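Asker: Below is the file work_3.txt, which contains compact mmCIF, C-alpha atoms and all ligand atoms.
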# COMPACT_ATOMS: atom_id res chain seq x y z
CA MET N 294 -4.48 24.90 -38.21
CA PRO N 295 -4.06 21.66 -36.29
CA ASP N 296 -7.09 19.39 -36.39
CA LYS N 297 -8.28 19.73 -32.75
CA SER N 298 -10.65 16.82 -33.05
CA ARG N 299 -7.68 14.48 -33.56
CA LYS N 300 -6.09 15.44 -30.26
CA ASP N 301 -8.32 13.27 -28.14
CA LYS N 302 -8.61 10.33 -30.47
CA PHE N 303 -6.14 7.61 -31.25
CA GLU N 304 -6.30 4.90 -33.84
CA ILE N 305 -3.99 2.03 -33.21
CA LEU N 306 -3.32 -0.75 -35.66
CA THR N 307 -3.68 -4.09 -33.97
CA PRO N 308 -2.43 -7.49 -35.05
CA GLN N 309 -5.80 -8.96 -34.10
CA GLY N 310 -7.28 -9.55 -37.52
CA TYR N 311 -8.06 -8.07 -40.89
CA GLU N 312 -11.02 -6.37 -42.42
CA GLU N 313 -12.20 -6.93 -45.95
CA GLY N 314 -9.49 -6.24 -48.45
CA ASP N 315 -6.74 -7.46 -46.08
CA LYS N 316 -6.68 -4.16 -44.19
CA PRO N 317 -5.57 -4.68 -40.58
CA LYS N 318 -8.31 -4.05 -38.02
CA LYS N 319 -8.01 -0.83 -36.11
CA MET N 320 -8.72 -0.37 -32.43
CA LYS N 321 -10.15 3.03 -31.55
CA PHE N 322 -9.61 4.78 -28.24
CA VAL N 323 -11.24 7.96 -27.09
CA LYS N 324 -8.92 9.70 -24.70
CA LYS N 325 -10.60 10.75 -21.44
CA THR N 326 -10.42 14.40 -20.53
CA GLU N 327 -12.29 14.15 -17.25
CA CYS N 328 -13.16 11.54 -14.66
CA ASP N 329 -16.21 9.49 -15.67
CA ARG N 330 -16.02 7.51 -12.43
CA CYS N 331 -15.30 4.26 -14.23
CA GLY N 332 -13.62 2.91 -11.08
CA GLY N 333 -10.50 1.76 -12.91
CA CYS N 334 -8.14 3.37 -10.39
CA CYS N 335 -10.32 2.36 -7.41
CA SER N 336 -10.20 -1.32 -8.42
CA ALA N 337 -6.45 -1.30 -8.92
CA SER N 338 -5.16 0.42 -5.79
CA THR N 339 -5.99 2.49 -2.76
CA PRO N 340 -4.85 6.06 -2.09
CA SER N 341 -2.11 7.23 0.22
CA LEU N 342 -3.52 9.79 2.61
CA HIS N 343 -2.32 13.34 2.94
CA LYS N 344 -2.31 15.61 5.98
CA GLU N 345 -5.34 17.43 4.61
CA ASP N 346 -7.27 14.13 4.86
CA MET N 347 -7.23 14.45 8.66
CA ASP N 348 -10.69 15.99 8.32
CA LEU N 349 -11.95 12.64 7.00
CA PHE N 350 -10.89 11.04 10.28
CA ARG N 351 -12.59 13.83 12.22
CA ALA N 352 -15.75 13.22 10.21
CA SER N 353 -15.49 9.45 10.94
CA ILE N 354 -15.34 8.65 7.22
CA LEU N 355 -11.84 7.28 7.71
CA SER N 356 -11.05 5.37 10.87
CA PHE N 357 -8.34 3.28 12.47
CA ASP N 358 -10.20 0.24 11.12
CA ASN N 359 -10.21 1.13 7.44
CA THR N 360 -6.64 2.40 7.10
CA PHE N 361 -3.18 0.85 7.46
CA THR N 362 0.41 1.98 7.65
CA ILE N 363 3.30 1.22 5.34
CA ARG N 364 6.33 1.83 7.50
CA GLU N 365 9.44 3.65 6.34
CA GLY N 366 11.85 1.23 4.70
CA GLU N 367 9.18 -1.45 4.20
CA LEU N 368 9.71 -3.59 1.12
CA PHE N 369 6.82 -4.37 -1.15
CA THR N 370 6.06 -5.87 -4.52
CA ILE N 371 3.28 -4.95 -6.90
CA PRO N 372 1.10 -7.55 -8.62
CA GLY N 373 2.29 -8.12 -12.17
CA ASP N 374 5.67 -6.54 -11.48
CA GLU N 375 8.77 -8.58 -10.64
CA GLU N 376 10.57 -5.70 -8.94
CA THR N 377 10.71 -5.17 -5.18
CA TYR N 378 10.26 -1.58 -4.03
CA GLN N 379 11.07 0.15 -0.78
CA SER N 380 8.92 2.84 0.78
CA PHE N 381 11.20 5.80 1.45
CA ILE N 382 8.72 7.36 3.88
CA GLU N 383 5.92 6.26 6.14
CA LEU N 384 2.55 6.20 4.40
CA ILE N 385 -1.00 5.70 5.59
CA LYS N 386 -3.38 4.17 3.06
CA ILE N 387 -6.99 3.06 2.84
CA LYS N 388 -7.23 -0.71 3.20
CA PRO N 389 -8.16 -2.72 0.14
CA LYS N 390 -10.98 -5.28 0.27
CA GLU N 391 -9.71 -8.60 1.61
CA GLY N 392 -7.66 -10.52 -0.97
CA THR N 393 -8.00 -7.84 -3.66
CA GLU N 394 -6.47 -4.55 -4.72
CA GLU N 395 -9.86 -2.81 -4.71
CA CYS N 396 -10.49 0.11 -2.39
CA LEU N 397 -12.84 -0.61 0.53
CA PHE N 398 -15.01 2.33 -0.51
CA TYR N 399 -15.54 1.19 -4.09
CA SER N 400 -18.85 -0.36 -5.05
CA GLY N 401 -19.42 -1.88 -8.48
CA ASP N 402 -22.95 -0.40 -8.51
CA GLU N 403 -22.34 3.03 -7.01
CA GLY N 404 -18.66 3.70 -7.73
CA CYS N 405 -16.89 5.56 -4.94
CA THR N 406 -19.25 5.54 -1.96
CA ILE N 407 -17.52 8.57 -0.43
CA TYR N 408 -17.04 10.48 -3.69
CA GLU N 409 -17.94 13.90 -2.30
CA LYS N 410 -15.55 13.33 0.61
CA ARG N 411 -12.88 11.25 -1.12
CA PRO N 412 -9.24 11.64 -0.09
CA SER N 413 -7.18 14.36 -1.74
CA GLN N 414 -5.05 11.94 -3.77
CA CYS N 415 -8.22 10.48 -5.34
CA ALA N 416 -9.58 13.96 -6.10
CA ALA N 417 -6.30 14.98 -7.73
CA TYR N 418 -5.80 11.78 -9.70
CA ALA N 419 -6.43 12.13 -13.42
CA CYS N 420 -5.76 8.90 -15.30
CA TRP N 421 -5.63 10.74 -18.64
CA GLU N 422 -2.63 12.80 -17.59
CA LEU N 423 0.90 11.97 -16.62
CA ASN N 424 0.67 11.58 -12.88
CA ASP N 425 3.49 11.88 -10.48
CA ALA N 426 1.97 11.03 -7.14
CA MET N 427 5.43 11.17 -5.55
CA THR N 428 5.82 14.92 -6.11
CA GLY N 429 5.78 16.66 -2.75
CA LEU N 430 4.64 13.48 -1.03
CA GLU N 431 7.24 13.72 1.70
CA ALA N 432 5.70 16.97 2.94
CA LYS N 433 2.08 16.06 2.19
CA ALA N 434 1.90 12.48 3.50
CA LEU N 435 -0.18 11.82 6.57
CA ARG N 436 1.80 9.99 9.24
CA ARG N 437 0.96 8.26 12.48
CA LYS N 438 2.32 11.17 14.52
CA ASP N 439 -0.32 13.40 12.86
CA LEU N 440 -3.04 11.03 14.02
CA PHE N 441 -1.74 10.06 17.44
CA GLY N 442 0.53 13.00 18.34
CA ASP N 443 -1.85 14.13 21.08
CA VAL N 444 -1.93 10.72 22.72
CA GLU N 445 1.46 10.57 24.38
CA LEU N 446 1.26 6.96 25.51
CA ILE N 447 0.39 5.60 22.06
CA THR N 448 2.99 7.83 20.39
CA ASP N 449 5.65 6.55 22.80
CA ILE N 450 4.71 2.94 22.04
CA ILE N 451 4.87 3.57 18.27
CA VAL N 452 8.26 5.32 18.59
CA HIS N 453 9.63 2.52 20.76
CA HIS N 454 8.36 -0.08 18.29
CA GLU N 455 10.15 1.75 15.46
CA GLU N 456 13.36 1.92 17.49
CA ARG N 457 13.31 -1.80 18.18
CA CYS N 458 11.89 -3.03 14.89
CA SER N 459 12.54 -0.53 12.10
CA TYR N 460 12.75 -1.98 8.60
CA GLN N 461 16.18 -0.43 8.17
CA LYS N 462 17.36 -2.29 11.28
CA LEU N 463 15.76 -5.49 9.98
CA ALA N 464 17.47 -5.12 6.58
CA ASP N 465 20.88 -4.49 8.23
CA THR N 466 20.44 -7.41 10.60
CA ILE N 467 19.39 -9.79 7.83
CA GLU N 468 22.53 -8.80 5.93
CA LYS N 469 24.68 -9.58 8.98
CA ALA N 470 22.89 -12.90 9.51
CA ALA N 471 23.46 -13.81 5.85
CA GLY N 472 27.16 -13.23 6.52
CA GLY N 473 27.08 -15.88 9.26
CA ASP N 474 26.57 -13.65 12.31
CA GLU N 475 24.62 -15.85 14.73
CA ALA N 476 23.88 -12.98 17.11
CA ALA N 477 22.17 -11.21 14.18
CA ALA N 478 19.86 -14.19 13.64
CA GLU N 479 18.91 -13.95 17.31
CA GLU N 480 18.28 -10.22 16.89
CA ILE N 481 15.88 -10.85 13.98
CA SER N 482 13.98 -13.28 16.15
CA ASP N 483 13.79 -10.65 18.94
CA MET N 484 12.40 -8.08 16.52
CA LEU N 485 9.70 -10.43 15.26
CA GLN N 486 8.77 -11.41 18.80
CA TYR N 487 8.58 -7.82 19.97
CA ASP N 488 6.45 -6.87 16.95
CA ALA N 489 4.04 -9.71 17.80
CA PHE N 490 4.12 -8.94 21.54
CA ILE N 491 3.30 -5.25 21.21
CA ARG N 492 0.19 -6.00 19.14
CA THR N 493 -1.18 -8.35 21.79
CA TYR N 494 -0.15 -5.94 24.55
CA VAL N 495 -2.03 -2.90 23.25
CA THR N 496 -5.06 -5.02 22.39
CA GLU N 497 -5.28 -6.42 25.90
CA LYS N 498 -4.04 -3.45 27.90
CA PHE N 499 -5.89 -0.64 26.12
CA ASN N 500 -8.73 -2.58 24.55
CA ILE N 501 -7.64 -1.49 21.08
CA PRO N 502 -9.38 -3.57 18.41
CA GLU N 503 -7.20 -5.87 16.32
CA SER N 504 -8.47 -4.17 13.17
CA SER N 505 -6.53 -1.02 14.20
CA LEU N 506 -3.17 -2.75 14.64
CA ASP N 507 -2.12 -2.44 10.98
CA LEU N 508 -2.44 1.32 11.34
CA LEU N 509 -0.62 1.50 14.68
CA PHE N 510 2.29 -0.79 13.78
CA GLY N 511 2.00 -1.57 10.06
CA LYS N 512 1.43 -5.12 8.85
CA PRO N 513 2.87 -7.84 11.11
CA MET N 514 6.59 -8.30 10.52
CA THR N 515 6.15 -12.07 10.41
CA GLU N 516 4.22 -11.42 7.16
CA ARG N 517 6.32 -8.59 5.77
CA ILE N 518 9.58 -10.47 6.26
CA LYS N 519 8.61 -12.43 3.13
CA GLU N 520 9.69 -9.43 1.09
CA PHE N 521 13.17 -9.93 2.54
CA GLY N 522 13.21 -13.54 1.28
CA LEU N 523 12.43 -15.14 4.65
CA LYS N 524 9.45 -16.79 6.28
CA VAL N 525 8.53 -17.78 9.80
CA GLU N 526 7.43 -21.33 10.55
CA LYS N 527 6.14 -22.82 13.76
CA GLU N 528 8.33 -25.55 15.23
CA GLY N 529 7.13 -27.09 18.49
CA ASP N 530 6.46 -24.23 20.89
CA GLY N 531 8.73 -21.86 19.00
CA TYR N 532 9.19 -20.38 15.57
CA ILE N 533 12.03 -20.69 13.09
CA LEU N 534 13.14 -18.45 10.25
CA MET N 535 13.42 -20.11 6.85
CA PRO N 536 14.36 -18.88 3.40
CA LEU N 537 11.40 -18.58 1.01
CA ASN N 538 11.24 -20.69 -2.08
CA THR N 539 10.88 -18.84 -5.40
CA LYS N 540 7.11 -19.37 -5.65
CA GLU N 541 6.44 -18.01 -2.17
CA ALA N 542 8.70 -15.03 -2.82
CA LYS N 543 6.17 -13.78 -5.38
CA SER N 544 3.69 -12.72 -2.67
CA THR N 545 2.44 -9.18 -3.15
CA THR N 546 1.21 -6.30 -1.10
CA PRO N 547 -2.46 -5.47 -1.65
CA GLY N 548 -3.34 -1.86 -2.24
CA LEU N 549 -0.10 -0.89 -3.95
CA LYS N 550 -0.73 -1.52 -7.60
CA SER N 551 -0.82 1.41 -9.95
CA ARG N 552 -0.65 4.28 -7.46
CA ALA N 553 2.38 2.74 -5.78
CA CYS N 554 2.36 5.53 -3.27
S1 LIG I 601 -9.57 8.82 -12.58
FE1 LIG I 601 -10.07 6.69 -12.02
S2 LIG I 601 -12.33 6.64 -11.86
FE2 LIG I 601 -11.79 8.53 -12.97
S3 LIG I 601 -11.89 7.95 -15.14
FE3 LIG I 601 -9.76 7.65 -14.48
S4 LIG I 601 -9.60 5.47 -13.87
FE4 LIG I 601 -11.82 6.03 -13.97
S1 LIG I 602 -11.72 6.54 -1.85
FE1 LIG I 602 -13.19 6.50 -3.52
S2 LIG I 602 -12.16 7.50 -5.25
FE2 LIG I 602 -10.59 6.91 -3.74
S3 LIG I 602 -9.85 4.87 -4.41
FE3 LIG I 602 -11.46 4.58 -2.87
S4 LIG I 602 -13.34 4.32 -4.06
FE4 LIG I 602 -11.83 5.27 -5.42
Using structure tokens, write down the structure that the file contains.
Answerer:
Amino acid sequence: MPDKSRKDKFEILTPQGYEEGDKPKKMKFVKKTECDRCGGCCSASTPSLHKEDMDLFRASILSFDNTFTIREGELFTIPGDEETYQSFIELIKIKPKEGTEECLFYSGDEGCTIYEKRPSQCAAYACWELNDAMTGLEAKALRRKDLFGDVELITDIIVHHEERCSYQKLADTIEKAAGGDEAAAEEISDMLQYDAFIRTYVTEKFNIPESSLDLLFGKPMTERIKEFGLKVEKEGDGYILMPLNTKEAKSTTPGLKSRAC
């Protein structure tokens, strides 16, 4: 008979010291078998939303202010990881607290402040098991067309923005520019200008608050272009594109740490 009590316990020898008799110290872990609401996952990342989380928008728990979009093809890096990743689909996520990875809804005192109504990815997440948050994500993921599909004008603006400024188009154009194509450099500039223009336009024309722009159009491309090794600098009345130095290139995307999707 296997010793069932051993299944959830691990003893790991550590190089951190010795007990009496020169025996190496052991570090003991008790494996979790259920969520104890320690907040580990909530401090490290924010969830991607699924279609079934639409109800949280209807209930005003989630809003255009506390969510943002990662656009298809967007490049991102994860703190502590040197690799650059690319989002293969559009994702909508809860915003992290400013300058951190921690979910907006996490409180050190209370834990998740919307626990009973938390998004489906949070409810399904079990840190003690092998998680594959990517499984079925393409079908499950909430997208902007789910949120704004009934508002034709906004949908048209989002679609037009994607046509003019998709990350795939940006990546292709940067490659052409790197090969010496001057027209491509001009095209990158046009994309960045249009991305900036459309944000101001919808804010002024439709009175949409600035806090909703990261959901409507994703993060500003002048910021996200860093992941492509470029930065935008002001020069006189205009802006110029510059290559990033190595230190700057290590900027990261908040909210994407352990649950990279
Ligand atoms: S699922 Fe998250 S909150 Fe629950 S025990 Fe694991 S790390 Fe802590
Ligand atoms: S919604 Fe709640 S459970 Fe989900 S990451 Fe945020 S604080 Fe944690």
Asker: Would you mind listing the residues within 6 Å of ligand LIG 602 (chain I), counting all atoms listed in the file, as a compact mmCIF listing (two decimals) with C-alpha atoms, in the coordinates of the input?
Answerer:
# COMPACT_ATOMS: atom_id res chain seq x y z
CA CYS N 335 -10.32 2.36 -7.41
CA THR N 339 -5.99 2.49 -2.76
CA PRO N 340 -4.85 6.06 -2.09
CA CYS N 396 -10.49 0.11 -2.39
CA PHE N 398 -15.01 2.33 -0.51
CA TYR N 399 -15.54 1.19 -4.09
CA CYS N 405 -16.89 5.56 -4.94
CA ILE N 407 -17.52 8.57 -0.43
CA TYR N 408 -17.04 10.48 -3.69
CA ARG N 411 -12.88 11.25 -1.12
CA PRO N 412 -9.24 11.64 -0.09
CA CYS N 415 -8.22 10.48 -5.34
Asker: Fewer than 3 positions away in the same chain doesn't count, so skip those; otherwise give me all residues within 9 Å of range 510-525 of chain N, counting all atoms listed in the file, as a PyMOL selection string.
Answerer: chain N and resi 361-364+367-370+377+451+454-455+458+463-464+467+484-486+488-489+491-492+505-507+532-539+541-546
Asker: Kindly provide, as a PDB file with C-alpha atoms, in the frame of the given file, all nucleotide and amino acid residues lying within 9 Å of ligand LIG 601 (chain I), counting only C-alpha atoms and all ligand atoms.
Answerer:
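Just written: selection.pdb:
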ATOM      1  CA  LYS N 325     -10.600  10.750 -21.440  1.00  0.00           C
ATOM      2  CA  THR N 326     -10.420  14.400 -20.530  1.00  0.00           C
ATOM      3  CA  GLU N 327     -12.290  14.150 -17.250  1.00  0.00           C
ATOM      4  CA  CYS N 328     -13.160  11.540 -14.660  1.00  0.00           C
ATOM      5  CA  ASP N 329     -16.210   9.490 -15.670  1.00  0.00           C
ATOM      6  CA  ARG N 330     -16.020   7.510 -12.430  1.00  0.00           C
ATOM      7  CA  CYS N 331     -15.300   4.260 -14.230  1.00  0.00           C
ATOM      8  CA  GLY N 332     -13.620   2.910 -11.080  1.00  0.00           C
ATOM      9  CA  GLY N 333     -10.500   1.760 -12.910  1.00  0.00           C
ATOM     10  CA  CYS N 334      -8.140   3.370 -10.390  1.00  0.00           C
ATOM     11  CA  CYS N 335     -10.320   2.360  -7.410  1.00  0.00           C
ATOM     12  CA  SER N 336     -10.200  -1.320  -8.420  1.00  0.00           C
ATOM     13  CA  ALA N 337      -6.450  -1.300  -8.920  1.00  0.00           C
ATOM     14  CA  GLY N 404     -18.660   3.700  -7.730  1.00  0.00           C
ATOM     15  CA  CYS N 405     -16.890   5.560  -4.940  1.00  0.00           C
ATOM     16  CA  CYS N 415      -8.220  10.480  -5.340  1.00  0.00           C
ATOM     17  CA  ALA N 416      -9.580  13.960  -6.100  1.00  0.00           C
ATOM     18  CA  ALA N 417      -6.300  14.980  -7.730  1.00  0.00           C
ATOM     19  CA  TYR N 418      -5.800  11.780  -9.700  1.00  0.00           C
ATOM     20  CA  ALA N 419      -6.430  12.130 -13.420  1.00  0.00           C
ATOM     21  CA  CYS N 420      -5.760   8.900 -15.300  1.00  0.00           C
ATOM     22  CA  TRP N 421      -5.630  10.740 -18.640  1.00  0.00           C
TER      23      TRP N 421
END
Asker: One decimal, Å: what's the distance from CA of Lys433 in chain N over to CA of Asn359 in chain N, could you say?
Answerer: 20.0 Å
